[in-house]
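K.L.:
Before anything else, here's the structure in question.
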Amino acid sequence: MNLFRTAAMACLATVTVVSVALAAQVGVGRDKTLAAQPKANSIAELVKRYDSSSCIGCHQQAHDEWYKSLHARSIFGTGRTAATFKTAIVNGAMDWPASGVKSFKDVKVEHMMGCAKCHLPQLADATDKVAQEIMTTINDWQDGLRNDDDAKAAKAEKTLSSLNINCLICHNRNAIVHKWTDGYPKKDTVYGSKDGDHPDPKFTKMAKGQVMSESIMCGQCHGLGPNFEQENPTQCATAYGSYLFSYVPNGGNKTCQQCHMKDSKLGHDMQSYRSKAMSDKAVDMKVTTNAVYWRDNTTIKPKVSVRVALTNNAGHGIPDG
């Protein structure tokens, strides 16, 4: 009987191992991606994995444009973004009874993906230690500001600013949307407008990205709405949803890239409402006024009626993100 039980357990273990192995093999080529490497154990390791500094030599203009955009500081942002990350944990995860988060030591990557899905998608390629390090660094930055410790605040800001949406996130990691159709992004390839060799010791090939010039590329982050794939869905960016369900059905035919890169002449300095060039294009404002004089203006102030008409010329709802 014991022999039977042992054999049965061994058989079950074998089936389990095979099942796990089969699950790991879903998606041919997944193991050849940057994301498939052993998970990063620190912010420094994660930054190094997606280091795009070698791109600057040949793409100085694109880099300089990108550096002025919020993609270049997607975690730190204007400072408000980093603070919102902390708020999402303190006022969110720590307040939800089933999240398992009581302090920053309990924070795991999954707890941060409500924000990081878009602000730092490569966090999925890191261990929970990195999630905790990010939260601690944000805390250090705020402590430095509160206590007039400029050195501490500056050090934390530098660390947070090293985490961003850079060349390799768009031109490699997130460059392919339909992975079972078009294959997984290869760790030695950058994706853009054409195929060919690429003069870089690490990224030796170029390949045409099927979605690089399409709005769906941007829609991965500037999305459809609630992130229902997460354990605790959040509602954030809905620009791509607005684009698909309103702009396109009403005859719109421009892509995100056409408006935010080409027509704006901003290139990789992709801007939105903070840019006067973009806000001027996005909204027409017409103001009409009518002054009203009534009775004795020494005791009764003149009145005015103001009519404001705003016309949205953008390819999505405003405000959105």
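Chain labels run A, B, ... following the order of the structure tokens; each chain numbers its residues from 1, and ligands are numbered from 1 in the order shown.
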For Cys58 in chain A, find every residue with an atom within 12 Å (counting only C-alpha atoms), except residues of its own chain fewer than 4 positions away, and show them as a PyMOL selection string.
P.N.:
chain A and resi 52-54+62-64+198-200
K.L.:
Neighbouring residues of range 220-226 of chain A were defined as those with any atom within 6 Å, considering only C-alpha atoms; residues of the same chain fewer than 3 positions away were excluded. Please report them as a PDB file with N, CA and C atoms, in the first residue's frame.
P.N.:
ATOM      1  N   CYS A 118       2.158  51.154 -16.600  1.00  0.00           N
ATOM      2  CA  CYS A 118       2.443  52.175 -17.607  1.00  0.00           C
ATOM      3  C   CYS A 118       3.677  53.006 -17.264  1.00  0.00           C
ATOM      4  N   MET A 217       0.280  51.054 -30.412  1.00  0.00           N
ATOM      5  CA  MET A 217       1.564  51.089 -29.714  1.00  0.00           C
ATOM      6  C   MET A 217       1.442  51.942 -28.448  1.00  0.00           C
ATOM      7  N   PRO A 233      -8.436  46.040  -9.817  1.00  0.00           N
ATOM      8  CA  PRO A 233      -8.410  46.925 -10.992  1.00  0.00           C
ATOM      9  C   PRO A 233      -8.466  48.406 -10.622  1.00  0.00           C
ATOM     10  N   THR A 234      -7.776  49.207 -11.423  1.00  0.00           N
ATOM     11  CA  THR A 234      -7.776  50.653 -11.236  1.00  0.00           C
ATOM     12  C   THR A 234      -8.238  51.331 -12.520  1.00  0.00           C
ATOM     13  N   GLN A 235      -8.778  52.515 -12.372  1.00  0.00           N
ATOM     14  CA  GLN A 235      -9.212  53.310 -13.521  1.00  0.00           C
ATOM     15  C   GLN A 235      -8.227  54.461 -13.688  1.00  0.00           C
ATOM     16  N   ALA A 237      -5.742  55.908 -17.280  1.00  0.00           N
ATOM     17  CA  ALA A 237      -5.758  56.445 -18.639  1.00  0.00           C
ATOM     18  C   ALA A 237      -6.815  55.765 -19.514  1.00  0.00           C
ATOM     19  N   THR A 238      -7.550  56.575 -20.277  1.00  0.00           N
ATOM     20  CA  THR A 238      -8.560  56.039 -21.191  1.00  0.00           C
ATOM     21  C   THR A 238      -8.452  56.676 -22.577  1.00  0.00           C
ATOM     22  N   ALA A 239      -7.310  57.296 -22.875  1.00  0.00           N
ATOM     23  CA  ALA A 239      -7.165  58.032 -24.138  1.00  0.00           C
ATOM     24  C   ALA A 239      -7.345  57.130 -25.356  1.00  0.00           C
ATOM     25  N   TYR A 240      -6.758  55.941 -25.319  1.00  0.00           N
ATOM     26  CA  TYR A 240      -6.869  55.039 -26.472  1.00  0.00           C
ATOM     27  C   TYR A 240      -8.304  54.547 -26.637  1.00  0.00           C
ATOM     28  N   GLY A 241      -8.988  54.323 -25.529  1.00  0.00           N
ATOM     29  CA  GLY A 241     -10.390  53.929 -25.601  1.00  0.00           C
ATOM     30  C   GLY A 241     -11.230  55.024 -26.227  1.00  0.00           C
ATOM     31  N   GLY A 321      -5.254  60.729 -20.430  1.00  0.00           N
ATOM     32  CA  GLY A 321      -3.832  60.463 -20.359  1.00  0.00           C
ATOM     33  C   GLY A 321      -3.473  59.128 -20.927  1.00  0.00           C
TER      34      GLY A 321
END
K.L.:
Check the smallest atom-to-atom distance from each of A:Asp128, A:Trp96, A:Val90, A:Ser162 to His71 in chain A using only C-alpha atoms, then report the winner.
P.N.:
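Checking each of A:Asp128, A:Trp96, A:Val90, A:Ser162 against His71 in chain A, counting only C-alpha atoms, the winner is A:Ser162.
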K.L.:
What's the 12 Å shell around Asp280 in chain A, counting only C-alpha atoms, without same-chain residues fewer than 4 positions away, as an MDAnalysis selection string?
P.N.:
chainID A and resid 264 272:276 284:285 310:314
K.L.:
Take the selection from the previous step and output its residues with C-alpha atoms, as a compact mmCIF listing (two decimals), in the first residue's frame.
P.N.:
# COMPACT_ATOMS: atom_id res chain seq x y z
CA SER A 264 3.61 69.00 -33.49
CA SER A 272 0.29 66.90 -24.00
CA TYR A 273 -1.53 69.66 -22.12
CA ARG A 274 1.65 71.11 -20.56
CA SER A 275 2.85 72.06 -24.04
CA LYS A 276 1.36 75.25 -25.50
CA ASP A 284 -10.51 76.02 -29.88
CA MET A 285 -11.96 78.55 -27.48
CA LEU A 310 -14.76 74.92 -26.22
CA THR A 311 -14.25 72.70 -29.26
CA ASN A 312 -12.17 69.55 -28.85
CA ASN A 313 -9.93 69.03 -31.89
CA ALA A 314 -7.96 66.19 -30.32
K.L.:
Near range 129-146 of chain A, within 8 Å and counting only C-alpha atoms, which residues show up once chain neighbours fewer than 2 positions away are dropped, as a PyMOL selection string?
P.N.:
chain A and resi 40-43+82-83+85-86+104-109+112+123+126-127+148-157+159-160
K.L.:
Calculate how many Å separate CA of Glu45 in chain A from CA of Lys186 in chain A, rounding to one decimal.
P.N.:
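Computing the Euclidean distance for CA of Glu45 in chain A and CA of Lys186 in chain A yields 19.6 Å.
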K.L.:
Run DSSP on the backbone and give me the residues of range 90-304 of chain A it puts in strand (DSSP E), as a list in words.
P.N.:
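Result set for range 90-304 of chain A (strand (DSSP E)): Thr189, Val190, Tyr191, Gly192, Gly196, Asp197, Lys205, Met206, Ala207, Lys208, Val283, Asp284, Met285, Lys286, Val287, Thr288, Thr289, Asn290, Ala291, Val292, Lys303 and Val304 of chain A.
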K.L.:
Could you state the separation of CA of Tyr184 in chain A and CA of Lys32 in chain A in Å, given to one decimal place?
P.N.:
7.8 Å
K.L.:
Using only C-alpha atoms for the distances, tell me which of A:Ile318, A:Val292, A:Ala309, A:Ala88 is nearest to Ala116 in chain A.
P.N.:
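Ranked by minimum distance to Ala116 in chain A, first place goes to A:Ala88.
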K.L.:
Would you mind telling me which residue in A:Lys265, A:Arg80, A:Arg295, A:His316 lies nearest to Asn250 in chain A when using only C-alpha atoms?
P.N.:
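Distance minimum relative to Asn250 in chain A lands on A:His316.
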K.L.:
In Å to one decimal, how far is CA of Ala72 in chain A from CA of Asn164 in chain A?
P.N.:
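One can read the CA of Asn164 in chain A to CA of Ala72 in chain A distance as 5.3 Å.
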K.L.:
Which polymer residues have any atom within 7 Å of an atom of Ile176 in chain A, counting only C-alpha atoms, with same-chain residues fewer than 2 positions away left out, as number ranges by chain?
P.N.:
A: 174, 178-179, 184-185, 209, 211
K.L.:
Between A:Gln210, A:Asn166, A:Ser242, A:Thr255, which one has atoms that come closest to Tyr50 in chain A, using only C-alpha atoms?
P.N.:
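Going through A:Gln210, A:Asn166, A:Ser242, A:Thr255 one by one, the smallest distance to Tyr50 in chain A is for A:Asn166.
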K.L.:
Would you mind telling me which residue in A:Phe228, A:Asp51, A:Thr87, A:Asp125 lies nearest to Lys39 in chain A when using only C-alpha atoms?
P.N.:
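Using only C-alpha atoms, the shortest distance to Lys39 in chain A belongs to A:Asp125.
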K.L.:
Might you pull out every residue within 8 Å of Cys167 in chain A, with only C-alpha atoms counted and same-chain residues fewer than 4 positions away left off, and present them as an NGL selection string?
P.N.:
:A and (52 or 55 or 171-172)
K.L.:
So which one's closest to Cys256 in chain A, A:Leu244, A:Leu46, A:Ile165, A:Ala207? Using only C-alpha atoms, please.
P.N.:
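Result for the nearest residue to Cys256 in chain A: A:Leu244.
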K.L.:
Quick one: DSSP alpha helix (DSSP H) residues in range 137-242 of chain A, as a PyMOL selection string?
P.N.:
chain A and resi 137-146+150-161+167-168+179-182+215-219+239-242
K.L.:
Given the selection you just returned, output its residues as a file containing C-alpha atoms, formatted as a PDB file, in the first residue's frame.
P.N.:
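Output saved as again-v6.pdb:
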ATOM      1  CA  THR A 137      13.490  55.801  -2.079  1.00  0.00           C
ATOM      2  CA  ILE A 138      10.294  57.816  -2.548  1.00  0.00           C
ATOM      3  CA  ASN A 139      10.019  58.006   1.240  1.00  0.00           C
ATOM      4  CA  ASP A 140      13.661  59.155   1.519  1.00  0.00           C
ATOM      5  CA  TRP A 141      13.026  61.854  -1.094  1.00  0.00           C
ATOM      6  CA  GLN A 142      10.027  63.203   0.817  1.00  0.00           C
ATOM      7  CA  ASP A 143      11.907  63.036   4.132  1.00  0.00           C
ATOM      8  CA  GLY A 144      14.766  64.999   2.584  1.00  0.00           C
ATOM      9  CA  LEU A 145      12.410  67.723   1.396  1.00  0.00           C
ATOM     10  CA  ARG A 146      10.588  67.877   4.731  1.00  0.00           C
ATOM     11  CA  ASP A 150      19.013  68.674   0.165  1.00  0.00           C
ATOM     12  CA  ALA A 151      21.647  65.965  -0.269  1.00  0.00           C
ATOM     13  CA  LYS A 152      19.247  63.194   0.744  1.00  0.00           C
ATOM     14  CA  ALA A 153      16.464  64.539  -1.472  1.00  0.00           C
ATOM     15  CA  ALA A 154      18.803  64.979  -4.446  1.00  0.00           C
ATOM     16  CA  LYS A 155      20.188  61.451  -4.103  1.00  0.00           C
ATOM     17  CA  ALA A 156      16.698  59.950  -4.003  1.00  0.00           C
ATOM     18  CA  GLU A 157      15.529  62.095  -6.926  1.00  0.00           C
ATOM     19  CA  LYS A 158      18.513  60.941  -9.004  1.00  0.00           C
ATOM     20  CA  THR A 159      17.681  57.298  -8.276  1.00  0.00           C
ATOM     21  CA  LEU A 160      13.997  57.731  -9.097  1.00  0.00           C
ATOM     22  CA  SER A 161      14.843  59.625 -12.292  1.00  0.00           C
ATOM     23  CA  CYS A 167      14.413  53.754 -25.994  1.00  0.00           C
ATOM     24  CA  LEU A 168      14.473  50.063 -25.092  1.00  0.00           C
ATOM     25  CA  LYS A 179       3.403  38.260 -29.866  1.00  0.00           C
ATOM     26  CA  TRP A 180       1.892  34.965 -31.031  1.00  0.00           C
ATOM     27  CA  THR A 181       1.429  36.506 -34.482  1.00  0.00           C
ATOM     28  CA  ASP A 182       4.576  38.596 -34.883  1.00  0.00           C
ATOM     29  CA  SER A 215      -1.925  54.110 -32.211  1.00  0.00           C
ATOM     30  CA  ILE A 216      -2.121  50.669 -30.597  1.00  0.00           C
ATOM     31  CA  MET A 217       1.564  51.089 -29.714  1.00  0.00           C
ATOM     32  CA  CYS A 218       0.672  54.023 -27.467  1.00  0.00           C
ATOM     33  CA  GLY A 219      -2.539  52.336 -26.333  1.00  0.00           C
ATOM     34  CA  ALA A 239      -7.165  58.032 -24.138  1.00  0.00           C
ATOM     35  CA  TYR A 240      -6.869  55.039 -26.472  1.00  0.00           C
ATOM     36  CA  GLY A 241     -10.390  53.929 -25.601  1.00  0.00           C
ATOM     37  CA  SER A 242     -11.708  57.403 -26.379  1.00  0.00           C
TER      38      SER A 242
END
